[in-house]
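Undergrad: Quick one: this structure, given as structure tokens, is what I'll be asking you about.
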Amino acid sequence: MSERWARAILTTYRWAGAAAFPLIGGYVAWRVSKGKEDRSRRHERYGRSDIPRPEGPLIWVHAASVGETIAVLGVIDHLLASGIHVVLTTGTVTSANVAAERLGDRVIHQYVPLDLKPAVSRFLNHWKPDLAVMAESEIWPMTILELGARRVPQVLVNGRMSDRSFARWQRRSSVAEALLENLAHVVAQSELDGERFRQLGARPVTVSGNLKVDTHVPPVEQGALAALQRAINGRKTWAAISTHEGEEMVAADVHVLLKRRHPDVLTIVVPRHPERAADLKTELEARGLKVALRSGGEPVTAATDILLGNTIGEMGLYLRLTEIAFVGRSLTGQGGQNPLEPAMLGTAVLAGVNVQNFRESYRKLIDCGGAKLVRDAQMLAGAVNFLLKNDEMRRGMIAAGRATVQEMSGALPRTLTALEPFIHPLIVKARLNGGNGSG
């Protein structure tokens, strides 16, 4: 495919999106009905805002979901300390809540506009960013094209290219190159990710490591932790976190198997999407299990089988209640979820074999003895049972996981070095404008 044809396809995409824009309301309304959108703020998805743009330099930081939001907190702290305003966009209600908890009013939070020309243009017309920093795998064609047309520098940080995405873009390599040439810099998580971006036409590309390693451990409210520890009262525990559809029932099967050897075992299940909790509770109770729903304030008693953690911002609480954590989207789901937080918080990490999206993190944890992969529910039950019975092995995995995370640190300073040429002129501009930044 020639460069001309690639650009023609992108132009067609651009105007097809504009034509479809009037019809998109039904889709947004459906997401609102499913709890995936904030009803009172859905106008932000169309690029509209009730908040005026502050004076002085402004950087747009985008983080799709919770993991990406946590990953860029260090970058945002640096920008704010430099006296630069930040507009942070996220795509989910959960990530918006995390942003509010971790950053408060130090940044302006907005929901990311739909990747359609009218919404993106309206957003950019209002905020007029001096720099756009996107996290991980956010390659939205219309957003990239509109920023490129306005000559706004775009930097992808903590860049990740999954197997599926790479295969898809390889089939449209000319289109990928026509898009990625708009990026001023790609800061990739790993050498493999970096090489994939280079093959698709991105220049320059550097490798930082994973920003999620350089984040603070998830916080916890000590009173809530102490209360739950008293309620658990020394029972053996394990957790299945960031679970996707089907994995909660796998955890239930494992719980039943474990109870034969550990009658007092408590299983903690934390679904990736908390809005599924009510249906999950019904399904688990239909299996004869006694479930305590965290958001309902239901007490954990000696008879409780499952603590169903469906609250936002309490992963630090759930992981501190156990020393064994299965990380989901890896058995019935595809791609995996981030294993670094469980390793940071002192758990032996287990996961299914489908962890392609976090391949490098799992490879390092497995090589150092901090994580193990399982093929199915029976193998997961066997692994949890073994770790519950073998204190030395469990503690060894925990120590190895923590050491591995420590060895992987350093991504934040490398990322800030890559961003420095784009940030420094804005710092100077902020100072010349009389220190109007929000730091």
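In the structure tokens, each chain is lettered A, B, ... as it comes, each chain's residues begin at 1, and ligands are numbered from 1 in order of appearance.
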List the spatial neighbours of A:Val265 as a PyMOL selection string - criterion: any atom at most 9 Å away, only C-alpha atoms, same-chain residues fewer than 2 positions off excluded.
TA: chain A and resi 235-238+255+258-259+261-263+267+305
Undergrad: Could you give me, as an MDAnalysis selection string, the residues within 10 Å of A:Ile366, counting only C-alpha atoms and dropping anything in the same chain fewer than 4 positions from it?
TA: chainID A and resid 349:350 360:362 370:373 397 400:401 404
Undergrad: Report the residues of stretch 90-228 of chain A whose backbone DSSP state falls under alpha helix (DSSP H), written as an NGL selection string.
TA: :A and (93-103 or 117-127 or 141-149 or 163-170 or 173-180 or 191-199 or 222-228)
Undergrad: Could you please determine the separation between atom CA of A:Ala348 and atom CA of A:Ser95 in Å, to one decimal place?
TA: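 Result for atom CA of A:Ala348 versus atom CA of A:Ser95: 26.0 Å, one decimal.
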Undergrad: Pick out the residues sitting within 8 Å of A:Glu248, and hand them over as a VMD selection string; count only C-alpha atoms, and ignore anything fewer than 5 positions along from it in its own chain.
TA: chain A and resid 240 243 269 271 280
Undergrad: Within 9 Å of stretch 131-140 of chain A, counting only C-alpha atoms, which residues show up once you throw out same-chain ones fewer than 2 positions away? Write them as a PyMOL selection string, please.
TA: chain A and resi 57-64+68-69+71-72+115+129+142-145+147+152-162+165+179-180+188-189+422-423+426
Undergrad: Taking the DSSP secondary structure from the backbone, can you list the residues of stretch 165-391 of chain A that are strand (DSSP E), as a PyMOL selection string?
TA: chain A and resi 185-188+205-207+237-243+266-271+291-293+306-308+324-327+348-351+371-373
Undergrad: Pick from A:Ala302, A:Ala351, A:Ile427, A:Ala411: nearest to A:Gly209, with only C-alpha atoms counted?
TA: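 Using only C-alpha atoms, the shortest distance to A:Gly209 belongs to A:Ala411.
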Undergrad: Excluding A:Asp391 and its own-chain neighbours fewer than 5 positions away, which residues fall within 12 Å of it when counting only C-alpha atoms? Please give them as a ChimeraX atom specification.
TA: /A:236,323-324,348,384-386,396-398
